[in-house]
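J.: Next up, entry_2.tsv (TSV, C-alpha atoms and all ligand atoms).
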chain	number	residue	atom	x	y	z
X	1	MET	CA	69.74	84.47	173.73
X	2	PRO	CA	72.61	86.45	172.27
X	3	GLU	CA	72.97	90.10	173.16
X	4	LEU	CA	72.42	92.74	170.52
X	5	PRO	CA	75.71	93.37	168.71
X	6	ARG	CA	77.58	96.50	169.71
X	7	SER	CA	77.65	97.66	166.11
X	8	PHE	CA	74.09	98.93	166.43
X	9	PRO	CA	74.24	101.23	169.46
X	10	LYS	CA	72.50	104.08	167.69
X	11	LEU	CA	69.74	101.85	166.37
X	12	LYS	CA	69.44	100.33	169.87
X	13	ARG	CA	68.96	103.77	171.41
X	14	ILE	CA	66.38	104.75	168.84
X	15	LEU	CA	64.50	101.52	169.30
X	16	ILE	CA	64.53	101.80	173.10
X	17	ARG	CA	63.21	105.34	172.86
X	18	LEU	CA	60.56	104.31	170.36
X	19	TYR	CA	59.63	101.32	172.44
X	20	LYS	CA	59.31	103.41	175.59
X	21	SER	CA	57.33	106.04	173.79
X	22	ILE	CA	54.61	103.59	172.90
X	23	LYS	CA	54.55	102.46	176.53
X	24	LEU	CA	54.88	98.70	176.10
X	25	PRO	CA	56.06	96.58	179.05
X	26	PRO	CA	59.87	96.53	179.38
X	27	ILE	CA	61.59	93.70	177.59
X	28	LYS	CA	65.15	92.58	177.30
X	29	LEU	CA	66.49	93.65	173.92
X	30	THR	CA	67.86	90.57	172.28
X	31	VAL	CA	68.53	89.96	168.57
X	32	ASN	CA	65.31	87.99	168.39
X	33	SER	CA	63.27	90.62	170.15
X	34	ILE	CA	64.75	93.31	167.90
X	35	LYS	CA	64.02	91.15	164.85
X	36	PHE	CA	60.46	90.67	166.10
X	37	PHE	CA	60.08	94.36	166.75
X	38	MET	CA	61.57	95.24	163.35
X	39	ARG	CA	59.22	92.80	161.66
X	40	GLN	CA	56.24	94.37	163.42
X	41	LEU	CA	57.52	97.82	162.56
X	42	LEU	CA	57.96	96.84	158.92
X	43	ILE	CA	54.46	95.40	158.85
X	44	ALA	CA	53.15	98.64	160.40
X	45	ILE	CA	55.11	100.73	157.89
X	46	GLY	CA	53.81	98.45	155.12
X	47	CYS	CA	50.27	98.98	156.31
X	48	VAL	CA	50.74	102.74	156.48
X	49	LEU	CA	52.28	102.74	153.01
X	50	THR	CA	49.48	100.56	151.65
X	51	ILE	CA	46.88	102.87	153.09
X	52	PHE	CA	48.74	105.95	151.90
X	53	LEU	CA	49.44	104.63	148.44
X	54	GLY	CA	46.02	103.10	148.24
X	55	GLY	CA	44.61	106.45	149.22
X	56	CYS	CA	46.75	108.11	146.60
X	57	LYS	CA	45.86	105.50	144.10
X	58	GLN	CA	42.17	105.85	144.80
X	59	PRO	CA	41.86	109.18	143.03
X	60	ALA	CA	43.82	107.66	140.18
X	61	LYS	CA	41.32	104.83	140.13
X	62	ASN	CA	38.54	107.35	140.39
X	63	ALA	CA	40.14	109.33	137.64
X	64	GLU	CA	40.19	106.20	135.53
X	65	SER	CA	36.60	105.36	136.33
X	66	ASP	CA	35.66	108.99	135.80
X	67	GLN	CA	37.26	108.77	132.45
X	68	ALA	CA	35.44	105.51	131.79
X	69	THR	CA	32.16	107.12	132.86
X	70	LYS	CA	32.90	110.13	130.71
X	71	SER	CA	33.70	107.89	127.80
X	72	ASN	CA	30.46	105.96	128.42
X	73	GLN	CA	28.61	109.21	128.61
X	74	THR	CA	30.20	110.30	125.39
X	75	THR	CA	29.14	107.04	123.82
X	76	GLU	CA	25.66	107.49	125.22
X	77	ASN	CA	25.60	111.06	124.02
X	78	LYS	CA	26.75	109.87	120.65
X	79	ASN	CA	23.96	107.31	120.68
X	80	GLU	CA	21.52	109.99	121.72
X	81	THR	CA	22.77	112.18	118.93
X	82	LYS	CA	22.25	109.23	116.67
X	83	GLN	CA	18.66	108.93	117.86
X	84	THR	CA	17.72	112.57	118.12
X	85	GLY	CA	19.94	114.15	115.49
X	86	PRO	CA	19.20	114.33	111.80
X	87	LYS	CA	17.92	110.92	110.85
X	88	THR	CA	18.74	109.20	107.62
X	89	LEU	CA	15.74	107.92	105.73
X	90	ALA	CA	16.14	104.26	104.85
X	91	ASP	CA	16.23	103.39	101.18
X	92	ALA	CA	13.20	101.87	99.48
X	93	ALA	CA	14.60	98.32	99.52
X	94	THR	CA	15.23	98.49	103.29
X	95	ILE	CA	11.73	99.83	103.93
X	96	THR	CA	10.16	97.16	101.75
X	97	ALA	CA	12.16	94.46	103.52
X	98	ARG	CA	10.89	95.43	106.97
X	99	LYS	CA	8.23	93.20	108.46
X	100	GLU	CA	4.83	94.56	107.45
X	101	VAL	CA	2.52	95.88	110.15
X	102	PRO	CA	-1.13	94.85	109.73
X	103	VAL	CA	-3.34	97.82	108.93
X	104	LEU	CA	-7.09	97.21	109.01
X	105	CYS	CA	-9.54	99.39	107.12
X	106	TYR	CA	-13.12	99.89	108.30
X	107	HIS	CA	-15.92	101.95	106.78
X	108	GLN	CA	-19.40	101.72	108.29
X	109	ILE	CA	-19.98	99.93	111.57
X	110	ARG	CA	-23.68	99.18	111.88
X	111	ASP	CA	-26.08	96.30	111.49
X	112	TRP	CA	-27.06	95.46	107.93
X	113	ALA	CA	-30.30	96.90	106.59
X	114	ALA	CA	-32.48	95.02	104.09
X	115	SER	CA	-31.61	97.66	101.52
X	116	ASP	CA	-27.83	97.07	101.82
X	117	GLY	CA	-26.60	95.43	98.64
X	118	LYS	CA	-24.24	92.47	98.42
X	119	VAL	CA	-21.19	94.58	97.63
X	120	ALA	CA	-22.07	97.26	100.21
X	121	ARG	CA	-22.09	94.63	102.95
X	122	ASP	CA	-18.37	94.15	102.45
X	123	TYR	CA	-17.97	97.71	103.75
X	124	ILE	CA	-20.52	97.51	106.56
X	125	VAL	CA	-19.34	95.58	109.61
X	126	PRO	CA	-22.22	94.64	111.95
X	127	VAL	CA	-21.75	96.05	115.45
X	128	GLU	CA	-21.35	92.73	117.35
X	129	ASN	CA	-18.98	91.52	114.67
X	130	PHE	CA	-16.88	94.66	115.00
X	131	LYS	CA	-16.79	94.30	118.79
X	132	ALA	CA	-15.66	90.69	118.45
X	133	GLN	CA	-12.94	91.75	116.00
X	134	LEU	CA	-11.47	94.26	118.45
X	135	LYS	CA	-11.73	91.71	121.24
X	136	ILE	CA	-9.84	89.07	119.31
X	137	LEU	CA	-7.08	91.58	118.59
X	138	ALA	CA	-6.87	92.60	122.25
X	139	ASP	CA	-7.03	88.99	123.46
X	140	SER	CA	-4.24	88.09	121.03
X	141	GLY	CA	-2.00	90.77	122.53
X	142	TYR	CA	-2.17	93.37	119.75
X	143	HIS	CA	-1.36	97.03	120.43
X	144	THR	CA	-2.60	99.80	118.17
X	145	ILE	CA	-0.10	102.15	116.61
X	146	LEU	CA	-0.55	105.44	114.77
X	147	PRO	CA	0.77	106.75	111.42
X	148	ASN	CA	3.77	108.60	112.84
X	149	GLN	CA	4.89	105.46	114.65
X	150	LEU	CA	4.53	103.36	111.53
X	151	TYR	CA	6.35	106.01	109.51
X	152	ASP	CA	9.26	106.16	111.97
X	153	TYR	CA	9.48	102.38	112.01
X	154	LEU	CA	9.49	102.10	108.23
X	155	ALA	CA	11.65	105.15	107.52
X	156	TYR	CA	14.12	104.96	110.40
X	157	GLY	CA	13.75	101.50	111.90
X	158	THR	CA	12.48	102.70	115.29
X	159	THR	CA	10.94	100.03	117.47
X	160	LEU	CA	7.22	99.39	117.75
X	161	PRO	CA	5.24	97.79	120.59
X	162	ALA	CA	4.90	94.02	120.47
X	163	LYS	CA	2.21	92.86	118.02
X	164	PRO	CA	1.44	96.23	116.45
X	165	VAL	CA	-1.73	96.80	114.45
X	166	MET	CA	-3.27	99.93	112.96
X	167	LEU	CA	-7.02	100.45	112.93
X	168	THR	CA	-8.12	102.87	110.22
X	169	TYR	CA	-11.58	104.23	109.44
X	170	ASP	CA	-12.43	105.77	106.07
X	171	ASP	CA	-15.10	108.09	104.74
X	172	THR	CA	-16.18	110.03	107.89
X	173	ASP	CA	-19.23	107.88	108.84
X	174	ASP	CA	-20.66	108.94	112.20
X	175	ASP	CA	-20.83	105.38	113.58
X	176	GLN	CA	-17.04	105.54	113.69
X	177	PHE	CA	-17.47	108.16	116.41
X	178	THR	CA	-20.48	106.66	118.18
X	179	ILE	CA	-19.54	102.96	118.02
X	180	ALA	CA	-15.90	102.42	117.02
X	181	ALA	CA	-14.31	105.03	119.30
X	182	PRO	CA	-16.04	103.87	122.56
X	183	GLU	CA	-15.30	100.25	121.68
X	184	MET	CA	-11.63	101.03	121.09
X	185	LYS	CA	-11.54	102.82	124.43
X	186	LYS	CA	-12.36	99.56	126.24
X	187	TYR	CA	-9.00	98.18	125.13
X	188	GLY	CA	-6.94	101.38	125.19
X	189	PHE	CA	-6.83	101.28	121.39
X	190	LYS	CA	-6.36	104.38	119.23
X	191	GLY	CA	-7.52	104.67	115.65
X	192	VAL	CA	-6.85	106.67	112.50
X	193	PHE	CA	-9.75	108.45	110.83
X	194	PHE	CA	-9.23	109.21	107.15
X	195	ILE	CA	-11.92	111.77	106.50
X	196	MET	CA	-13.43	113.39	103.41
X	197	THR	CA	-13.71	117.01	104.45
X	198	VAL	CA	-16.79	117.59	102.24
X	199	SER	CA	-18.76	115.24	104.51
X	200	LEU	CA	-18.14	117.07	107.80
X	201	ASN	CA	-21.38	118.18	109.49
X	202	ARG	CA	-23.55	116.36	106.97
X	203	PRO	CA	-26.25	113.92	108.18
X	204	ARG	CA	-24.83	110.44	109.01
X	205	TYR	CA	-21.29	111.81	108.91
X	206	MET	CA	-19.12	113.13	111.68
X	207	SER	CA	-19.24	116.77	112.68
X	208	ARG	CA	-16.26	119.05	113.00
X	209	GLU	CA	-16.62	118.89	116.79
X	210	GLN	CA	-16.58	115.09	116.77
X	211	VAL	CA	-13.45	115.04	114.66
X	212	LYS	CA	-11.81	117.50	117.03
X	213	GLN	CA	-12.85	115.34	120.00
X	214	LEU	CA	-11.36	112.21	118.45
X	215	SER	CA	-8.11	114.04	117.89
X	216	ASP	CA	-8.13	115.39	121.46
X	217	GLU	CA	-8.65	111.86	122.77
X	218	GLY	CA	-5.45	110.69	121.09
X	219	HIS	CA	-6.84	109.31	117.86
X	220	VAL	CA	-5.44	110.63	114.60
X	221	VAL	CA	-7.43	112.44	111.92
X	222	GLU	CA	-5.95	112.40	108.44
X	223	SER	CA	-7.06	113.17	104.91
X	224	HIS	CA	-8.98	111.04	102.44
X	225	THR	CA	-9.42	113.99	100.02
X	226	TRP	CA	-12.18	116.55	99.84
X	227	ASP	CA	-14.87	114.49	98.08
X	228	HIS	CA	-13.39	111.05	97.40
X	229	HIS	CA	-12.26	111.63	93.84
X	230	LYS	CA	-9.45	109.24	92.94
X	231	VAL	CA	-6.00	110.82	92.61
X	232	THR	CA	-5.42	109.15	89.26
X	233	GLY	CA	-8.05	111.46	87.80
X	234	TYR	CA	-6.62	114.82	88.89
X	235	LYS	CA	-5.78	116.90	85.83
X	236	THR	CA	-5.11	120.44	86.94
X	237	PRO	CA	-3.13	122.04	89.79
X	238	GLU	CA	-6.51	123.15	91.16
X	239	ASP	CA	-7.52	119.50	91.54
X	240	TRP	CA	-4.53	118.96	93.82
X	241	THR	CA	-5.30	122.11	95.75
X	242	THR	CA	-8.95	121.16	96.25
X	243	GLN	CA	-8.44	117.50	97.00
X	244	ILE	CA	-5.14	117.49	98.87
X	245	GLU	CA	-3.97	120.91	100.05
X	246	LYS	CA	-7.22	122.36	101.36
X	247	PRO	CA	-8.41	119.25	103.25
X	248	LYS	CA	-4.94	118.87	104.78
X	249	ASN	CA	-5.01	122.49	105.95
X	250	LEU	CA	-8.58	122.23	107.23
X	251	ILE	CA	-7.72	119.15	109.32
X	252	GLY	CA	-4.80	121.08	110.76
X	253	GLU	CA	-7.14	123.94	111.69
X	254	LEU	CA	-9.76	121.62	113.20
X	255	THR	CA	-7.41	119.48	115.26
X	256	GLY	CA	-4.52	121.83	115.89
X	257	LYS	CA	-2.22	119.07	114.61
X	258	THR	CA	-0.48	118.86	111.26
X	259	SER	CA	-1.99	116.32	108.89
X	260	GLU	CA	0.85	114.45	107.17
X	261	HIS	CA	-0.62	111.11	106.15
X	262	PHE	CA	-3.13	110.27	103.46
X	263	ALA	CA	-5.35	107.42	102.28
X	264	TYR	CA	-6.03	107.13	98.53
X	265	PRO	CA	-9.78	106.98	97.73
X	266	PHE	CA	-10.57	103.42	96.55
X	267	GLY	CA	-6.93	102.60	97.31
X	268	LEU	CA	-6.11	103.80	93.80
X	269	TRP	CA	-2.80	105.50	93.08
X	270	ASN	CA	-0.24	105.99	90.34
X	271	LYS	CA	3.41	106.99	90.08
X	272	GLU	CA	2.51	110.57	89.12
X	273	ALA	CA	0.51	111.12	92.30
X	274	ILE	CA	3.38	110.45	94.66
X	275	PRO	CA	5.55	113.53	93.89
X	276	GLU	CA	2.41	115.69	94.00
X	277	LEU	CA	1.66	114.41	97.51
X	278	LYS	CA	5.27	114.87	98.62
X	279	LYS	CA	5.25	118.45	97.32
X	280	ARG	CA	2.27	119.15	99.56
X	281	GLY	CA	3.85	117.86	102.74
X	282	VAL	CA	2.39	114.35	102.82
X	283	LYS	CA	4.83	111.92	104.49
X	284	SER	CA	3.08	108.62	103.85
X	285	ALA	CA	0.07	107.33	101.94
X	286	TYR	CA	-2.09	104.22	102.33
X	287	ILE	CA	-3.39	101.94	99.61
X	288	LEU	CA	-5.48	98.77	100.02
X	289	SER	CA	-4.18	95.22	99.88
X	290	THR	CA	-2.62	95.54	96.43
X	291	LYS	CA	1.08	95.49	95.57
X	292	ARG	CA	3.34	98.16	97.04
X	293	ASP	CA	5.51	100.38	94.87
X	294	PRO	CA	9.08	99.07	95.32
X	295	ASP	CA	10.37	102.62	94.64
X	296	ASP	CA	8.03	104.36	97.08
X	297	PRO	CA	6.88	101.96	99.80
X	298	LEU	CA	6.07	104.83	102.18
X	299	PHE	CA	3.47	106.06	99.68
X	300	THR	CA	1.97	102.63	99.15
X	301	ILE	CA	1.43	101.28	102.67
X	302	ARG	CA	-0.95	98.34	102.48
X	303	ARG	CA	-4.25	98.04	104.32
X	304	MET	CA	-6.78	95.25	104.43
X	305	ILE	CA	-10.52	95.97	104.35
X	306	ALA	CA	-12.18	94.10	107.20
X	307	SER	CA	-15.18	92.69	105.39
X	308	GLY	CA	-18.65	92.80	106.92
X	309	TYR	CA	-19.02	89.13	105.97
X	310	TRP	CA	-16.17	87.96	108.17
X	311	SER	CA	-16.47	86.57	111.67
X	312	ALA	CA	-13.82	87.77	114.12
X	313	PRO	CA	-11.70	84.60	113.68
X	314	GLY	CA	-12.18	84.95	109.90
X	315	MET	CA	-10.86	88.51	110.00
X	316	TYR	CA	-7.96	87.37	112.16
X	317	ARG	CA	-7.02	84.59	109.73
X	318	SER	CA	-7.21	86.98	106.76
X	319	MET	CA	-5.02	89.48	108.58
X	320	MET	CA	-2.43	86.77	109.20
X	321	GLN	CA	-2.43	85.76	105.56
X	322	THR	CA	-2.50	89.25	104.05
X	323	PHE	CA	0.37	90.55	106.15
X	324	LYS	CA	2.24	87.23	106.40
X	325	LEU	CA	2.21	87.27	110.21
E	401	ZN	ZN	-12.93	105.88	100.98
Write out the structure in this file as structure tokens.

T.:
Amino acid sequence: MPELPRSFPKLKRILIRLYKSIKLPPIKLTVNSIKFFMRQLLIAIGCVLTIFLGGCKQPAKNAESDQATKSNQTTENKNETKQTGPKTLADAATITARKEVPVLCYHQIRDWAASDGKVARDYIVPVENFKAQLKILADSGYHTILPNQLYDYLAYGTTLPAKPVMLTYDDTDDDQFTIAAPEMKKYGFKGVFFIMTVSLNRPRYMSREQVKQLSDEGHVVESHTWDHHKVTGYKTPEDWTTQIEKPKNLIGELTGKTSEHFAYPFGLWNKEAIPELKKRGVKSAYILSTKRDPDDPLFTIRRMIASGYWSAPGMYRSMMQTFKL
């Protein structure tokens, strides 16, 4: 093996010192051994540099990822702002185009009496029939929703649970408290009670305490006027005060929750009624299964009366047809 050239005496001295300092066995310094040593040294230096630069780069990487996280957070915050900030009410065409949610309307829930007339029986659902109707909804995977949820879905496009349905009860009958509410409880269902405030505490109607209890249990109590006069017949400002303002305020006092939704008696409405309701803080109003107002779909939300003549599958089929499900 050739000797190390004389032109590198200084390097040779440094290398010998370095070699000795790391206490490796003595070797003869040849060109090849120096080359080998240099290669190892370069590799070592490379490793040190990689670690050092990598270490230096890491914060840069972190900085980048921090920035990415921040930017994600900003996006999320923006999204949050979008969700929680001032919402833009969808226009009437958008609301009308949204898939309709089935809303069922019940009145009395009791077995028919011999004195019940043919027409009345449409509004009186026998107890077993009612139970079977709730069961078929539960078995079919339906989840009950409440007026604020439906409003937010229609007005702002917020999401609803899968297979939403709304169960509404009109006219304050006490069997809604004694039969409908416990039956709904079996399935975790919540209902909406559109009450006439004149009926409260009267025989065969719900009491103020019962209404309060329903509200406390998570059901919703809303207005169906004071004494069931149709809105199309209101002539004076006093009519609106008596039928809309006072019942709305009384429900607020009874339940401790603001009443903001309304069901038209007989499902009857007209264009003139809508601004009057809006003026008095009503956010949405329910009709029956007639045509919605294309200009004001939030004030003409459709409901279907569940007839006392229908079996549970019959009700289910009608619901499918009425709401095009
Ligand atoms: Zn009614």

J.: Got a sec to check which residues lie within 7 Å of ligand ZN 401 (chain E), using all atoms listed in the file, and send them as a list in words?

T.: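 Listing the residues within 7 Å of ligand ZN 401 (chain E) gives Asp170, Asp171, His224, His228, Pro265 and Phe266 of chain X.
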
J.: Could you work out how far CA of Ala93 in chain X lies from CA of Pro294 in chain X, giving the answer in Å with one decimal?

T.: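 A separation of 7.0 Å between them.
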
J.: Just the number, please: distance in Å from CA of Lys230 in chain X to CA of Gln243 in chain X, one decimal.

T.: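 Between CA of Lys230 in chain X and CA of Gln243 in chain X the gap is 9.3 Å.
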
J.: Excluding Pro126 in chain X and its own-chain neighbours fewer than 3 positions away, which residues fall within 10 Å of it when counting only C-alpha atoms? Please give them as a list of chain:residue names.

T.: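 Once the adjacent positions are removed, what remains is X:Gln108, X:Ile109, X:Arg110, X:Asp111, X:Trp112, X:Ala113, X:Arg121, X:Tyr123, X:Asn129, X:Phe130, X:Lys131, X:Ser307, X:Gly308, X:Tyr309, X:Trp310, X:Ser311.
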
J.: Would you mind telling me which residue in X:Leu250, X:Ser284, X:Ser318, X:His107 lies nearest to Gln176 in chain X when using all atoms listed in the file?

T.: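 Between X:Leu250, X:Ser284, X:Ser318, X:His107, the residue approaching Gln176 in chain X most closely is X:His107.
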
J.: What lies within 8 Å of Val192 in chain X using only C-alpha atoms, ignoring chain neighbours under 5 positions off, as a ChimeraX atom specification?

T.: /X:146-147,166-169,219-222

J.: Hey, which bits of range 208-304 of chain X sit within 12 Å of range 153-165 of chain X, and for each residue what's the closest pair of atoms and how far apart in Å (one decimal), counting all atoms listed in the file, rows by chain and increasing number, as CSV?

T.:
residue,atom,partner,partner_atom,distance
X:Lys283,CA,X:Ala155,CA,10.1
X:Ser284,CA,X:Ala155,CA,9.9
X:Asp296,CA,X:Ala155,CA,11.1
X:Pro297,CA,X:Leu154,CA,8.8
X:Leu298,CA,X:Leu154,CA,7.5
X:Phe299,CA,X:Leu154,CA,11.2
X:Thr300,CA,X:Leu154,CA,11.8
X:Ile301,CA,X:Leu154,CA,9.8
X:Arg303,CA,X:Val165,CA,10.5
X:Met304,CA,X:Val165,CA,11.3

J.: Got a minute to add N, CA and C atoms to range 122-134 of chain X and dump it as a JSON list (two decimals), in the frame of the given file?

T.:
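New file out.json:
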[["chain", "number", "residue", "atom", "x", "y", "z"],
["X", 122, "ASP", "N", -19.81, 94.31, 102.23],
["X", 122, "ASP", "CA", -18.37, 94.15, 102.45],
["X", 122, "ASP", "C", -17.82, 95.31, 103.28],
["X", 123, "TYR", "N", -18.44, 96.47, 103.11],
["X", 123, "TYR", "CA", -17.97, 97.71, 103.75],
["X", 123, "TYR", "C", -18.77, 98.08, 105.00],
["X", 124, "ILE", "N", -19.71, 97.23, 105.37],
["X", 124, "ILE", "CA", -20.52, 97.51, 106.56],
["X", 124, "ILE", "C", -20.32, 96.36, 107.55],
["X", 125, "VAL", "N", -19.61, 96.64, 108.63],
["X", 125, "VAL", "CA", -19.34, 95.58, 109.61],
["X", 125, "VAL", "C", -20.39, 95.68, 110.71],
["X", 126, "PRO", "N", -21.21, 94.62, 110.88],
["X", 126, "PRO", "CA", -22.22, 94.64, 111.95],
["X", 126, "PRO", "C", -21.58, 94.88, 113.32],
["X", 127, "VAL", "N", -22.33, 95.56, 114.19],
["X", 127, "VAL", "CA", -21.75, 96.05, 115.45],
["X", 127, "VAL", "C", -21.12, 94.92, 116.30],
["X", 128, "GLU", "N", -21.88, 93.82, 116.50],
["X", 128, "GLU", "CA", -21.35, 92.73, 117.35],
["X", 128, "GLU", "C", -20.11, 92.12, 116.72],
["X", 129, "ASN", "N", -20.12, 92.07, 115.41],
["X", 129, "ASN", "CA", -18.98, 91.52, 114.67],
["X", 129, "ASN", "C", -17.75, 92.41, 114.89],
["X", 130, "PHE", "N", -17.99, 93.71, 114.79],
["X", 130, "PHE", "CA", -16.88, 94.66, 115.00],
["X", 130, "PHE", "C", -16.32, 94.53, 116.41],
["X", 131, "LYS", "N", -17.23, 94.43, 117.39],
["X", 131, "LYS", "CA", -16.79, 94.30, 118.79],
["X", 131, "LYS", "C", -15.94, 93.04, 118.97],
["X", 132, "ALA", "N", -16.39, 91.96, 118.33],
["X", 132, "ALA", "CA", -15.66, 90.69, 118.45],
["X", 132, "ALA", "C", -14.29, 90.80, 117.77],
["X", 133, "GLN", "N", -14.22, 91.58, 116.70],
["X", 133, "GLN", "CA", -12.94, 91.75, 116.00],
["X", 133, "GLN", "C", -11.93, 92.49, 116.88],
["X", 134, "LEU", "N", -12.39, 93.54, 117.55],
["X", 134, "LEU", "CA", -11.47, 94.26, 118.45],
["X", 134, "LEU", "C", -11.06, 93.37, 119.61]]
